[in-house]
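Trainee: Contents of target.txt (compact mmCIF, C-alpha atoms and all ligand atoms):
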```txt
# COMPACT_ATOMS: atom_id res chain seq x y z
CA MET A 25 8.27 -17.56 -53.88
CA ARG A 26 7.19 -21.18 -53.66
CA ASN A 27 6.75 -23.30 -56.76
CA ASN A 28 3.01 -23.34 -56.34
CA VAL A 29 0.88 -20.38 -55.35
CA SER A 30 -1.90 -21.09 -52.86
CA ILE A 31 -5.28 -19.53 -52.60
CA GLY A 32 -7.57 -19.30 -49.59
CA LEU A 33 -11.24 -19.03 -50.45
CA LEU A 34 -13.76 -17.18 -48.32
CA GLY A 35 -17.02 -18.78 -49.45
CA LEU A 36 -17.88 -21.84 -51.51
CA GLY A 37 -21.15 -20.92 -53.20
CA VAL A 38 -21.79 -20.67 -56.92
CA VAL A 39 -18.76 -18.47 -57.65
CA GLY A 40 -16.38 -20.18 -55.19
CA SER A 41 -17.21 -23.56 -56.74
CA GLY A 42 -16.54 -22.04 -60.18
CA VAL A 43 -13.07 -20.92 -59.01
CA ILE A 44 -12.22 -24.45 -57.84
CA LYS A 45 -13.50 -25.96 -61.06
CA LEU A 46 -11.61 -23.48 -63.24
CA ILE A 47 -8.35 -24.02 -61.35
CA GLU A 48 -8.72 -27.77 -61.81
CA ASP A 49 -9.81 -27.77 -65.43
CA HIS A 50 -7.47 -24.99 -66.63
CA GLN A 51 -4.38 -25.77 -64.55
CA GLU A 52 -2.29 -26.26 -67.71
CA GLU A 53 -3.15 -22.78 -68.95
CA LEU A 54 -2.26 -21.31 -65.55
CA VAL A 55 1.07 -23.16 -65.41
CA HIS A 56 1.88 -22.04 -68.94
CA GLN A 57 1.13 -18.42 -68.08
CA LEU A 58 2.75 -18.35 -64.64
CA GLY A 59 5.39 -21.03 -64.71
CA CYS A 60 3.92 -22.45 -61.54
CA GLY A 61 0.76 -24.18 -60.39
CA VAL A 62 -2.12 -22.63 -58.49
CA ASN A 63 -3.92 -24.58 -55.78
CA VAL A 64 -6.58 -24.01 -53.16
CA LYS A 65 -5.31 -24.60 -49.62
CA SER A 66 -8.12 -23.48 -47.37
CA VAL A 67 -11.82 -22.76 -47.78
CA LEU A 68 -14.16 -20.97 -45.39
CA VAL A 69 -17.66 -22.49 -45.48
CA ARG A 70 -20.74 -22.17 -43.30
CA ASN A 71 -21.54 -25.86 -43.20
CA LEU A 72 -18.84 -28.55 -43.32
CA GLU A 73 -21.33 -31.30 -44.11
CA LYS A 74 -23.11 -29.71 -47.08
CA ALA A 75 -23.12 -31.71 -50.32
CA ARG A 76 -21.20 -29.82 -53.05
CA ASP A 77 -20.85 -30.15 -56.77
CA VAL A 78 -17.06 -29.72 -56.68
CA GLN A 79 -14.47 -31.99 -55.11
CA VAL A 80 -12.59 -30.32 -52.25
CA ASP A 81 -10.35 -32.14 -49.79
CA GLN A 82 -12.43 -32.15 -46.59
CA ALA A 83 -9.26 -31.27 -44.63
CA TYR A 84 -9.17 -27.87 -46.36
CA LEU A 85 -12.69 -26.88 -45.33
CA THR A 86 -13.12 -24.77 -42.24
CA THR A 87 -15.76 -22.70 -40.49
CA ASP A 88 -13.10 -20.52 -38.84
CA PRO A 89 -12.01 -17.52 -40.99
CA ASN A 90 -8.67 -17.42 -39.16
CA ASP A 91 -7.76 -20.77 -40.71
CA VAL A 92 -7.73 -18.94 -44.06
CA LEU A 93 -6.62 -15.48 -43.00
CA HIS A 94 -3.73 -16.65 -40.82
CA ASN A 95 -2.71 -19.66 -42.87
CA PRO A 96 1.01 -19.16 -43.68
CA GLU A 97 0.61 -21.19 -46.85
CA VAL A 98 -2.07 -18.91 -48.31
CA ASP A 99 -0.71 -16.16 -50.61
CA VAL A 100 -3.97 -14.83 -52.04
CA VAL A 101 -7.35 -14.60 -50.33
CA VAL A 102 -10.31 -14.80 -52.70
CA GLU A 103 -13.46 -13.34 -51.14
CA VAL A 104 -16.62 -14.76 -52.66
CA MET A 105 -18.80 -14.90 -49.56
CA GLY A 106 -20.77 -11.70 -50.30
CA GLY A 107 -22.34 -9.36 -47.75
CA ILE A 108 -20.66 -6.23 -46.48
CA GLU A 109 -19.49 -5.98 -42.88
CA GLU A 110 -18.13 -9.48 -42.37
CA ALA A 111 -16.41 -9.49 -45.75
CA ARG A 112 -14.89 -6.06 -45.06
CA LYS A 113 -13.54 -7.24 -41.70
CA HIS A 114 -11.98 -10.36 -43.23
CA ILE A 115 -10.38 -8.41 -46.07
CA LEU A 116 -8.84 -5.88 -43.68
CA GLU A 117 -7.53 -8.79 -41.61
CA ALA A 118 -6.08 -10.39 -44.74
CA PHE A 119 -4.14 -7.19 -45.50
CA ALA A 120 -2.94 -7.03 -41.88
CA THR A 121 -1.47 -10.52 -42.37
CA LYS A 122 0.08 -9.36 -45.69
CA LYS A 123 -2.11 -11.40 -47.97
CA HIS A 124 -3.32 -10.16 -51.33
CA VAL A 125 -7.06 -10.06 -51.92
CA VAL A 126 -9.25 -10.71 -54.93
CA THR A 127 -12.96 -10.09 -54.47
CA ALA A 128 -16.13 -10.37 -56.52
CA ASN A 129 -18.05 -8.23 -54.04
CA LYS A 130 -19.51 -5.19 -55.84
CA ASP A 131 -21.61 -4.10 -52.85
CA LEU A 132 -18.48 -3.92 -50.71
CA ILE A 133 -16.28 -2.25 -53.35
CA ALA A 134 -18.99 0.29 -54.24
CA LEU A 135 -19.33 1.27 -50.56
CA HIS A 136 -15.82 0.75 -49.15
CA GLY A 137 -13.51 0.49 -52.20
CA PRO A 138 -11.32 3.51 -51.39
CA GLU A 139 -10.87 2.46 -47.73
CA LEU A 140 -9.92 -1.10 -48.72
CA GLN A 141 -7.59 0.13 -51.45
CA ASP A 142 -5.79 2.34 -48.90
CA ALA A 143 -5.43 -0.56 -46.49
CA ALA A 144 -4.04 -2.73 -49.30
CA SER A 145 -1.47 -0.11 -50.32
CA LYS A 146 -0.34 0.50 -46.72
CA ASN A 147 0.42 -3.22 -46.40
CA GLN A 148 2.05 -3.53 -49.86
CA CYS A 149 -0.78 -5.84 -50.84
CA ASP A 150 -2.87 -6.05 -54.00
CA LEU A 151 -6.63 -5.65 -54.09
CA PHE A 152 -8.36 -6.53 -57.36
CA TYR A 153 -12.08 -6.82 -58.12
CA GLU A 154 -12.60 -7.53 -61.83
CA ALA A 155 -15.48 -9.92 -61.05
CA SER A 156 -17.44 -7.23 -59.22
CA VAL A 157 -18.70 -5.64 -62.46
CA ALA A 158 -20.32 -7.53 -65.34
CA GLY A 159 -19.12 -11.04 -64.36
CA GLY A 160 -17.00 -12.51 -67.13
CA ILE A 161 -16.52 -9.30 -69.13
CA PRO A 162 -13.00 -7.94 -68.51
CA ILE A 163 -14.22 -4.37 -68.39
CA LEU A 164 -12.25 -3.06 -65.41
CA ARG A 165 -9.01 -4.21 -66.96
CA GLY A 166 -10.28 -2.91 -70.31
CA LEU A 167 -10.55 0.54 -68.76
CA SER A 168 -7.49 0.49 -66.51
CA ASP A 169 -5.09 -1.26 -68.92
CA GLY A 170 -6.44 -1.27 -72.46
CA LEU A 171 -7.68 2.31 -72.45
CA VAL A 172 -5.19 3.64 -69.89
CA SER A 173 -3.79 6.33 -72.19
CA ASP A 174 -7.18 7.63 -73.29
CA ARG A 175 -9.60 10.14 -71.78
CA ILE A 176 -12.92 8.41 -71.30
CA GLN A 177 -15.92 10.62 -71.94
CA GLN A 178 -18.81 8.26 -71.53
CA VAL A 179 -19.59 4.80 -70.22
CA MET A 180 -23.01 3.27 -70.81
CA GLY A 181 -23.75 -0.13 -69.42
CA ILE A 182 -26.32 -2.86 -69.37
CA VAL A 183 -24.82 -4.23 -66.18
CA ASN A 184 -27.75 -6.09 -64.67
CA GLY A 185 -28.77 -9.36 -66.28
CA THR A 186 -32.02 -9.79 -64.36
CA THR A 187 -33.54 -6.54 -65.58
CA ASN A 188 -32.22 -7.05 -69.09
CA TYR A 189 -33.92 -10.43 -69.18
CA ILE A 190 -37.22 -8.96 -67.93
CA LEU A 191 -37.13 -6.06 -70.41
CA THR A 192 -36.25 -8.38 -73.30
CA LYS A 193 -39.29 -10.54 -72.53
CA MET A 194 -41.59 -7.52 -72.18
CA ASN A 195 -40.31 -6.10 -75.43
CA GLN A 196 -40.26 -9.27 -77.54
CA GLU A 197 -43.26 -11.15 -76.16
CA GLY A 198 -45.44 -8.32 -74.91
CA VAL A 199 -45.71 -9.85 -71.42
CA THR A 200 -46.19 -7.71 -68.31
CA TYR A 201 -43.41 -6.80 -65.91
CA GLU A 202 -44.87 -9.15 -63.28
CA SER A 203 -44.96 -12.22 -65.49
CA ALA A 204 -41.50 -11.53 -66.97
CA LEU A 205 -40.13 -11.26 -63.41
CA GLU A 206 -41.80 -14.52 -62.44
CA GLU A 207 -40.22 -16.27 -65.42
CA ALA A 208 -36.79 -14.81 -64.57
CA GLN A 209 -37.20 -16.14 -61.02
CA GLN A 210 -38.19 -19.60 -62.26
CA LEU A 211 -35.09 -19.71 -64.48
CA GLY A 212 -32.86 -18.62 -61.59
CA PHE A 213 -31.82 -15.27 -63.14
CA ALA A 214 -33.76 -13.25 -60.59
CA GLU A 215 -33.45 -13.66 -56.83
CA ALA A 216 -36.45 -14.54 -54.64
CA ASP A 217 -36.17 -10.94 -53.39
CA PRO A 218 -35.42 -9.08 -56.63
CA THR A 219 -35.43 -5.58 -55.09
CA ALA A 220 -31.74 -4.72 -55.55
CA ASP A 221 -31.88 -5.75 -59.20
CA VAL A 222 -35.24 -4.32 -60.30
CA GLU A 223 -34.87 -1.06 -58.38
CA GLY A 224 -31.51 -0.40 -60.03
CA LEU A 225 -29.29 -0.63 -56.94
CA ASP A 226 -27.19 -3.52 -58.23
CA ALA A 227 -26.52 -1.59 -61.45
CA ALA A 228 -25.80 1.60 -59.47
CA ARG A 229 -23.07 -0.16 -57.47
CA LYS A 230 -21.45 -1.38 -60.66
CA MET A 231 -21.71 2.07 -62.29
CA ALA A 232 -20.04 3.72 -59.26
CA ILE A 233 -17.10 1.31 -59.67
CA LEU A 234 -16.96 1.85 -63.46
CA ALA A 235 -17.14 5.63 -63.16
CA ARG A 236 -14.31 5.66 -60.60
CA LEU A 237 -12.02 3.81 -62.97
CA ALA A 238 -13.15 5.50 -66.17
CA PHE A 239 -12.86 9.07 -64.88
CA SER A 240 -10.15 8.57 -62.23
CA THR A 241 -12.15 10.16 -59.45
CA ASP A 242 -13.73 8.88 -56.24
CA VAL A 243 -17.36 8.56 -57.34
CA GLU A 244 -19.47 7.27 -54.44
CA LEU A 245 -22.58 5.16 -54.57
CA SER A 246 -24.60 8.10 -53.22
CA ASP A 247 -23.58 10.15 -56.29
CA VAL A 248 -25.50 7.78 -58.58
CA GLU A 249 -29.09 8.76 -59.38
CA VAL A 250 -31.14 5.57 -59.46
CA ASN A 251 -34.49 4.60 -60.97
CA GLY A 252 -35.55 1.00 -61.43
CA ILE A 253 -37.94 -0.80 -63.75
CA SER A 254 -40.65 -2.02 -61.35
CA ASN A 255 -43.18 0.62 -62.44
CA LEU A 256 -42.74 0.25 -66.19
CA ALA A 257 -45.96 0.02 -68.20
CA LEU A 258 -46.09 -2.28 -71.20
CA ALA A 259 -47.78 0.58 -73.10
CA ASP A 260 -44.55 2.57 -73.03
CA LEU A 261 -42.48 -0.28 -74.41
CA GLN A 262 -45.01 -0.66 -77.21
CA TYR A 263 -44.91 3.05 -78.08
CA GLY A 264 -41.12 2.83 -77.95
CA LYS A 265 -41.19 0.05 -80.51
CA LYS A 266 -43.29 2.16 -82.87
CA LEU A 267 -40.75 4.96 -82.55
CA GLY A 268 -37.74 2.72 -83.21
CA TYR A 269 -36.58 2.43 -79.60
CA THR A 270 -35.77 -0.44 -77.24
CA MET A 271 -36.24 0.00 -73.50
CA LYS A 272 -33.15 -0.89 -71.43
CA LEU A 273 -32.01 -0.25 -67.87
CA ILE A 274 -28.98 1.87 -68.68
CA GLY A 275 -26.16 2.85 -66.38
CA TYR A 276 -24.96 6.17 -67.71
CA ALA A 277 -21.68 7.84 -66.70
CA HIS A 278 -20.57 10.98 -68.41
CA CYS A 279 -17.53 13.18 -67.87
CA GLN A 280 -16.88 16.60 -69.28
CA ASN A 281 -14.13 18.91 -68.04
CA HIS A 282 -13.76 16.55 -65.05
CA ASN A 283 -17.39 17.06 -64.08
CA VAL A 284 -19.09 13.70 -63.72
CA GLU A 285 -22.69 12.60 -63.87
CA VAL A 286 -23.71 9.02 -63.10
CA SER A 287 -27.19 7.52 -63.20
CA VAL A 288 -29.11 4.31 -63.66
CA GLN A 289 -32.49 4.65 -65.31
CA PRO A 290 -34.88 2.96 -67.72
CA THR A 291 -33.93 4.48 -71.06
CA PHE A 292 -35.26 4.32 -74.59
CA LEU A 293 -32.31 3.42 -76.79
CA SER A 294 -32.47 4.03 -80.49
CA ASN A 295 -32.44 0.69 -82.30
CA GLN A 296 -29.28 2.02 -84.01
CA HIS A 297 -27.40 2.07 -80.71
CA PRO A 298 -25.10 -0.97 -80.26
CA LEU A 299 -26.46 -1.62 -76.75
CA SER A 300 -30.02 -2.04 -78.05
CA SER A 301 -29.13 -5.48 -79.46
CA VAL A 302 -27.94 -6.83 -76.08
CA LYS A 303 -30.66 -9.28 -75.11
CA ASN A 304 -31.79 -11.63 -72.36
CA GLU A 305 -29.48 -11.94 -69.34
CA TYR A 306 -26.39 -10.67 -71.20
CA ASN A 307 -24.44 -7.60 -70.14
CA ALA A 308 -22.51 -5.08 -72.21
CA VAL A 309 -20.54 -1.93 -71.53
CA TYR A 310 -20.21 0.72 -74.21
CA VAL A 311 -17.25 3.06 -73.76
CA ASN A 312 -16.55 6.24 -75.62
CA GLY A 313 -12.99 7.55 -75.40
CA GLU A 314 -11.50 10.69 -76.86
CA ALA A 315 -8.86 8.74 -78.80
CA VAL A 316 -10.37 5.28 -79.20
CA GLY A 317 -13.88 6.42 -80.15
CA GLU A 318 -16.60 3.83 -79.61
CA THR A 319 -15.90 0.40 -78.10
CA MET A 320 -18.22 -2.19 -76.65
CA PHE A 321 -17.55 -5.11 -74.31
CA TYR A 322 -20.17 -7.87 -74.32
CA GLY A 323 -20.69 -11.14 -72.44
CA ALA A 324 -22.07 -13.04 -69.49
CA GLY A 325 -22.64 -10.73 -66.54
CA ALA A 326 -22.94 -13.47 -63.96
CA GLY A 327 -22.67 -17.24 -63.55
CA SER A 328 -20.20 -19.57 -61.92
CA LEU A 329 -17.51 -20.05 -64.57
CA PRO A 330 -17.70 -16.63 -66.29
CA THR A 331 -17.27 -14.93 -62.90
CA ALA A 332 -14.49 -17.37 -61.99
CA THR A 333 -12.54 -16.34 -65.12
CA ALA A 334 -12.58 -12.74 -63.89
CA ILE A 335 -11.36 -13.84 -60.46
CA MET A 336 -8.57 -15.94 -61.93
CA SER A 337 -7.42 -13.08 -64.14
CA ASP A 338 -6.98 -11.06 -60.95
CA VAL A 339 -5.17 -13.95 -59.26
CA VAL A 340 -2.77 -14.20 -62.21
CA THR A 341 -2.09 -10.45 -61.98
CA VAL A 342 -1.38 -10.75 -58.25
CA ILE A 343 1.05 -13.61 -58.88
CA THR A 344 2.76 -11.70 -61.70
CA ASN A 345 3.10 -8.71 -59.36
CA MET A 346 4.58 -11.01 -56.69
CA ARG A 347 7.20 -12.11 -59.20
CA LEU A 348 8.01 -8.53 -60.11
CA GLY A 349 7.88 -7.35 -56.49
CA VAL A 350 5.38 -4.62 -57.29
CA ASN A 351 2.40 -5.58 -55.15
CA GLY A 352 0.62 -2.77 -53.38
CA ARG A 353 0.53 -0.22 -56.15
CA ARG A 354 -2.99 1.09 -56.27
CA PHE A 355 -5.03 -0.49 -59.04
CA VAL A 356 -5.97 2.99 -60.15
CA SER A 357 -5.19 6.05 -58.08
CA PRO A 358 -7.76 8.81 -58.52
CA ARG A 359 -6.20 11.77 -60.30
CA PHE A 360 -9.01 14.25 -59.93
CA ARG A 361 -11.04 15.68 -57.09
CA LYS A 362 -14.64 14.69 -57.63
CA GLU A 363 -16.89 17.38 -59.16
CA LEU A 364 -20.46 16.46 -60.02
CA THR A 365 -21.96 18.02 -63.12
CA PRO A 366 -24.18 20.93 -61.99
CA PRO A 367 -27.88 20.45 -62.93
CA GLU A 368 -27.79 23.39 -65.39
CA GLN A 369 -25.11 21.59 -67.43
CA ARG A 370 -27.04 18.36 -67.86
CA PHE A 371 -28.69 17.71 -71.18
CA GLY A 372 -30.75 14.93 -72.68
CA GLN A 373 -33.50 13.85 -74.97
CA HIS A 374 -36.82 12.77 -73.45
CA TYR A 375 -39.92 10.71 -74.15
CA ILE A 376 -43.20 11.86 -72.56
CA ARG A 377 -46.54 10.01 -72.52
CA MET A 378 -49.59 11.96 -71.37
CA HIS A 379 -53.36 11.88 -71.35
CA VAL A 380 -54.85 14.97 -72.92
CA LYS A 381 -58.42 16.26 -73.35
CA ASP A 382 -59.37 15.56 -76.95
CA GLU A 383 -60.61 19.12 -77.71
CA VAL A 384 -59.84 22.09 -79.92
CA GLY A 385 -56.71 23.96 -78.84
CA ALA A 386 -55.34 21.22 -76.60
CA PHE A 387 -52.30 20.58 -78.71
CA ALA A 388 -51.74 24.30 -79.26
CA ALA A 389 -51.62 24.81 -75.47
CA ILE A 390 -49.04 22.05 -75.09
CA SER A 391 -46.97 23.38 -77.99
CA ASP A 392 -47.06 26.89 -76.52
CA LEU A 393 -45.72 25.64 -73.22
CA PHE A 394 -42.81 23.76 -74.79
CA ASN A 395 -42.16 26.73 -77.05
CA GLN A 396 -41.87 29.02 -74.01
CA MET A 397 -39.50 26.52 -72.40
CA ASP A 398 -37.35 26.42 -75.53
CA ILE A 399 -37.97 22.70 -76.05
CA SER A 400 -38.64 21.37 -79.52
CA PHE A 401 -40.17 18.04 -80.50
CA GLU A 402 -38.54 15.41 -82.60
CA ARG A 403 -41.50 13.03 -82.76
CA ILE A 404 -45.20 13.13 -81.97
CA LEU A 405 -47.74 10.29 -81.76
CA GLN A 406 -51.41 10.70 -80.88
CA THR A 407 -53.82 7.83 -80.24
CA PRO A 408 -57.53 8.69 -79.89
CA ARG A 409 -59.15 7.09 -76.88
CA THR A 410 -62.75 6.13 -76.74
CA LYS A 411 -63.17 6.23 -72.96
CA ASN A 412 -63.30 9.54 -71.05
CA GLU A 413 -62.72 11.50 -74.28
CA LEU A 414 -59.02 11.57 -73.56
CA ALA A 415 -56.31 11.21 -76.16
CA GLU A 416 -52.99 9.59 -75.45
CA VAL A 417 -50.11 11.72 -76.70
CA VAL A 418 -46.47 10.68 -76.91
CA LEU A 419 -43.75 13.24 -77.56
CA VAL A 420 -40.02 12.90 -77.97
CA THR A 421 -38.06 16.09 -77.43
CA HIS A 422 -34.84 17.15 -79.06
CA ARG A 423 -31.82 17.35 -76.79
CA THR A 424 -32.68 19.83 -74.09
CA ALA A 425 -31.45 21.18 -70.75
CA LEU A 426 -32.59 18.90 -67.93
CA LEU A 427 -33.63 21.82 -65.72
CA ASN A 428 -35.89 23.15 -68.48
CA PHE A 429 -37.34 19.73 -69.01
CA LYS A 430 -38.14 19.24 -65.31
CA GLU A 431 -39.75 22.68 -65.06
CA SER A 432 -41.80 22.02 -68.17
CA MET A 433 -43.10 18.75 -66.66
CA ASP A 434 -44.38 20.67 -63.60
CA LYS A 435 -46.07 23.21 -65.88
CA LEU A 436 -47.47 20.50 -68.14
CA ASN A 437 -49.16 18.84 -65.18
CA ASN A 438 -50.85 22.15 -64.38
CA LEU A 439 -52.28 22.76 -67.87
CA ASP A 440 -56.10 22.41 -67.99
CA VAL A 441 -55.96 20.34 -71.15
CA VAL A 442 -53.55 17.80 -69.66
CA GLU A 443 -55.26 15.15 -67.56
CA SER A 444 -52.04 13.40 -66.50
CA VAL A 445 -48.40 12.91 -67.43
CA GLU A 446 -48.18 9.13 -67.37
CA SER A 447 -44.46 8.60 -67.87
CA THR A 448 -41.19 10.18 -68.94
CA PHE A 449 -37.95 8.47 -69.96
CA ARG A 450 -34.54 9.48 -71.13
CA VAL A 451 -33.84 8.75 -74.81
CA GLU A 452 -30.33 7.89 -76.04
CA GLY A 453 -28.59 7.24 -79.28
CA ASP A 454 -30.69 9.09 -81.82
CA ALA A 455 -29.09 10.08 -85.08
CA GLU A 456 -28.77 13.75 -84.08
CA LYS A 457 -25.90 12.99 -81.68
N1 LIG B 501 -27.91 -9.92 -59.89
C1 LIG B 501 -26.96 -9.57 -60.88
C2 LIG B 501 -27.64 -9.47 -62.24
C3 LIG B 501 -25.83 -10.56 -61.02
O1 LIG B 501 -28.82 -9.78 -62.39
O2 LIG B 501 -26.96 -9.06 -63.17
C4 LIG B 501 -24.73 -10.34 -60.04
O3 LIG B 501 -24.15 -9.10 -60.18
```
Can the structure from this file be put into structure tokens for me?
Mentor:
Amino acid sequence: MRNNVSIGLLGLGVVGSGVIKLIEDHQEELVHQLGCGVNVKSVLVRNLEKARDVQVDQAYLTTDPNDVLHNPEVDVVVEVMGGIEEARKHILEAFATKKHVVTANKDLIALHGPELQDAASKNQCDLFYEASVAGGIPILRGLSDGLVSDRIQQVMGIVNGTTNYILTKMNQEGVTYESALEEAQQLGFAEADPTADVEGLDAARKMAILARLAFSTDVELSDVEVNGISNLALADLQYGKKLGYTMKLIGYAHCQNHNVEVSVQPTFLSNQHPLSSVKNEYNAVYVNGEAVGETMFYGAGAGSLPTATAIMSDVVTVITNMRLGVNGRRFVSPRFRKELTPPEQRFGQHYIRMHVKDEVGAFAAISDLFNQMDISFERILQTPRTKNELAEVVLVTHRTALLNFKESMDKLNNLDVVESVESTFRVEGDAEK
């Protein structure tokens, strides 16, 4: 191996610039750790003339991916260009030319991770993707190294900063979803097209990757049930507050007897739950292991330098593997065939807000229905309404079978005394569990 290790960058946007800056500013730390320097030898960009906020030798910039992928001096290709098909093609080409790959691309890993991992192994190359989930938080390595001997039972994550920022503003300042989103866009947390974030898809991609590592099985993106936050009413957040809950977009992955269940949904978290204190654009991942118990990883989920630290930790691992001659071992090989938890084995606690006719016997009818469905209430709130003689009723159930809960919602909608079921949400972290 040469004295210095050279990187080829695919992309020089926010994250690519962070990688260059980190390599420059933290070269001493890298040399101390590796015993050799790390430098950037080739960078794929779209526009050679664009003004940039990092210094890169113009001779290293190229618009031809082959200048990076076939450059004999490049040992490690760092993919930070984003997108799916083009990035996938370049990464496969990098493996064909026996280069190791580090990527920050969650969309690509969520959709094509197993295929790319196979291609890496066949070519005795490494593929690492720490930066693809929760930016600067070293959660993938936390699961695959730190907790490697444990059996993980549950992973809950606030893994999308945009939605956490919006929900924090709605909760703390009582502003609507629309104005919180606008503020997030002005501050640059939310994209001009926020769909992937607010509809939960970004979080779902990250949860698929987390669940794969945590439970050692090939969870696919299509296995993740997804609900976003774009239809949230401020009224629900305010009721939640009264009940001691904070609304969060929670990625939930649960494993029991090798059956896995993964979802992303707006969730009322008890204010006692450690994730409820994660505010603004921050991310956190709460992991429950059989041996370790509760742990929580907290930090910046995005941003140039935090994401660059995750990329460089992967680069250091690749270089260490090069020294040891052990590149190409799968990051984590799935041990178990995937089995999804059957609907009848899913349980949870639920919040329900409904409009009810304010008349004698209304509550008795609702109670009867839940009684028949074997669902008991933990909390009840009723607010009289002046208009239309309707009362607003909020219930929180005890932990109950999901199938029963869904059936009871259909029946509830058909009761004469119920005008409408306005909203339902999962509830997590109450004292009973
Ligand atoms: N759009 C993501 C978020 C950051 O809001 O958390 C990149 O994963």
Trainee: Hey, could you pull the box centre and edge lengths for ligand LIG 501 (chain B), axis-aligned, 8 Å padding per side, all listed atoms, to one decimal in Å, as lines of an AutoDock Vina configuration file?
Mentor:
```
center_x = -26.5
center_y = -9.8
center_z = -61.5
size_x = 20.7
size_y = 17.5
size_z = 19.3
```
Trainee: If the limit is 6 Å from any atom of ligand LIG 501 (chain B), counting only C-alpha atoms and all ligand atoms, which residues qualify? Return them as a list in words.
Mentor: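 Within the 6 Å cut-off, the matching residues are Asn184, Gly185, Thr186, Asp221, Gly325 and Ala326 of chain A.
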Trainee: Can you tell me, as an MDAnalysis selection string, what residues are no more than 8 Å from range 25-41 of chain A when counting only C-alpha atoms, ignoring any on the same chain fewer than 4 positions away?
Mentor: chainID A and resid 45 60:70 77:78 89 92:93 97:105 327:329 331:332 343 347
Trainee: Work out how far apart CA of Leu85 in chain A and CA of Val43 in chain A are and give it in Å to one decimal.
Mentor: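 About the pair CA of Leu85 in chain A and CA of Val43 in chain A: they are 14.9 Å apart.
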Trainee: Show me as an MDAnalysis selection string the residues that reach within 8 Å of (-47.6, 8.8, -71.5), counting only C-alpha atoms and using the file's own coordinates.
Mentor: chainID A and resid 260 376:379 416:418 445:448
Trainee: Please, could you write that set of residues out with C-alpha atoms as an mmCIF file, in the coordinates of the input?
Mentor:
```cif
data_model
loop_
_atom_site.group_PDB
_atom_site.id
_atom_site.type_symbol
_atom_site.label_atom_id
_atom_site.label_comp_id
_atom_site.auth_asym_id
_atom_site.auth_seq_id
_atom_site.Cartn_x
_atom_site.Cartn_y
_atom_site.Cartn_z
ATOM 1 C CA ASP A 260 -44.550 2.570 -73.030
ATOM 2 C CA ILE A 376 -43.200 11.860 -72.560
ATOM 3 C CA ARG A 377 -46.540 10.010 -72.520
ATOM 4 C CA MET A 378 -49.590 11.960 -71.370
ATOM 5 C CA HIS A 379 -53.360 11.880 -71.350
ATOM 6 C CA GLU A 416 -52.990 9.590 -75.450
ATOM 7 C CA VAL A 417 -50.110 11.720 -76.700
ATOM 8 C CA VAL A 418 -46.470 10.680 -76.910
ATOM 9 C CA VAL A 445 -48.400 12.910 -67.430
ATOM 10 C CA GLU A 446 -48.180 9.130 -67.370
ATOM 11 C CA SER A 447 -44.460 8.600 -67.870
ATOM 12 C CA THR A 448 -41.190 10.180 -68.940
#
```
Trainee: If I take CA of Ser203 in chain A and CA of Tyr310 in chain A, how far is one from the other in Å, to one decimal?
Mentor: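 Going from CA of Ser203 in chain A over to CA of Tyr310 in chain A, I get 29.3 Å.
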Trainee: Skip Thr333 in chain A itself and residues of its chain fewer than 6 positions away, then list as a ChimeraX atom specification all residues within 9 Å of it, counting only C-alpha atoms.
Mentor: /A:42-43,46,155,159-160
Trainee: What does the file look like for those residues with C-alpha atoms, as a PDB file, keeping the file's coordinate frame?
Mentor:
```pdb
ATOM      1  CA  GLY A  42     -16.540 -22.040 -60.180  1.00  0.00           C
ATOM      2  CA  VAL A  43     -13.070 -20.920 -59.010  1.00  0.00           C
ATOM      3  CA  LEU A  46     -11.610 -23.480 -63.240  1.00  0.00           C
ATOM      4  CA  ALA A 155     -15.480  -9.920 -61.050  1.00  0.00           C
ATOM      5  CA  GLY A 159     -19.120 -11.040 -64.360  1.00  0.00           C
ATOM      6  CA  GLY A 160     -17.000 -12.510 -67.130  1.00  0.00           C
TER       7      GLY A 160
END
```
Trainee: To one decimal place, how far is CA of Ala143 in chain A from CA of His114 in chain A in Å?
Mentor: 12.2 Å
Trainee: Residues proximal to (-48.2, -1.2, -75.2) were defined as those with any atom within 12 Å of that point in the file's coordinates, counting all atoms listed in the file. Which are they, as a list of chain:residue names?
Mentor: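 Every residue inside that radius is included here: A:Met194, A:Asn195, A:Gln196, A:Glu197, A:Gly198, A:Val199, A:Thr200, A:Tyr201, A:Leu256, A:Ala257, A:Leu258, A:Ala259, A:Asp260, A:Leu261, A:Gln262, A:Tyr263, A:Gly264, A:Lys265, A:Lys266, A:Arg377, A:Thr407, A:Glu416.
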Trainee: Using only C-alpha atoms, please write the residues we just selected to a file, as a short mmCIF file (atom, residue, chain, number, x, y, z; two decimals), in the frame of the given file.
Mentor:
```cif
data_model
loop_
_atom_site.label_atom_id
_atom_site.label_comp_id
_atom_site.auth_asym_id
_atom_site.auth_seq_id
_atom_site.Cartn_x
_atom_site.Cartn_y
_atom_site.Cartn_z
CA MET A 194 -41.59 -7.52 -72.18
CA ASN A 195 -40.31 -6.10 -75.43
CA GLN A 196 -40.26 -9.27 -77.54
CA GLU A 197 -43.26 -11.15 -76.16
CA GLY A 198 -45.44 -8.32 -74.91
CA VAL A 199 -45.71 -9.85 -71.42
CA THR A 200 -46.19 -7.71 -68.31
CA TYR A 201 -43.41 -6.80 -65.91
CA LEU A 256 -42.74 0.25 -66.19
CA ALA A 257 -45.96 0.02 -68.20
CA LEU A 258 -46.09 -2.28 -71.20
CA ALA A 259 -47.78 0.58 -73.10
CA ASP A 260 -44.55 2.57 -73.03
CA LEU A 261 -42.48 -0.28 -74.41
CA GLN A 262 -45.01 -0.66 -77.21
CA TYR A 263 -44.91 3.05 -78.08
CA GLY A 264 -41.12 2.83 -77.95
CA LYS A 265 -41.19 0.05 -80.51
CA LYS A 266 -43.29 2.16 -82.87
CA ARG A 377 -46.54 10.01 -72.52
CA THR A 407 -53.82 7.83 -80.24
CA GLU A 416 -52.99 9.59 -75.45
#
```
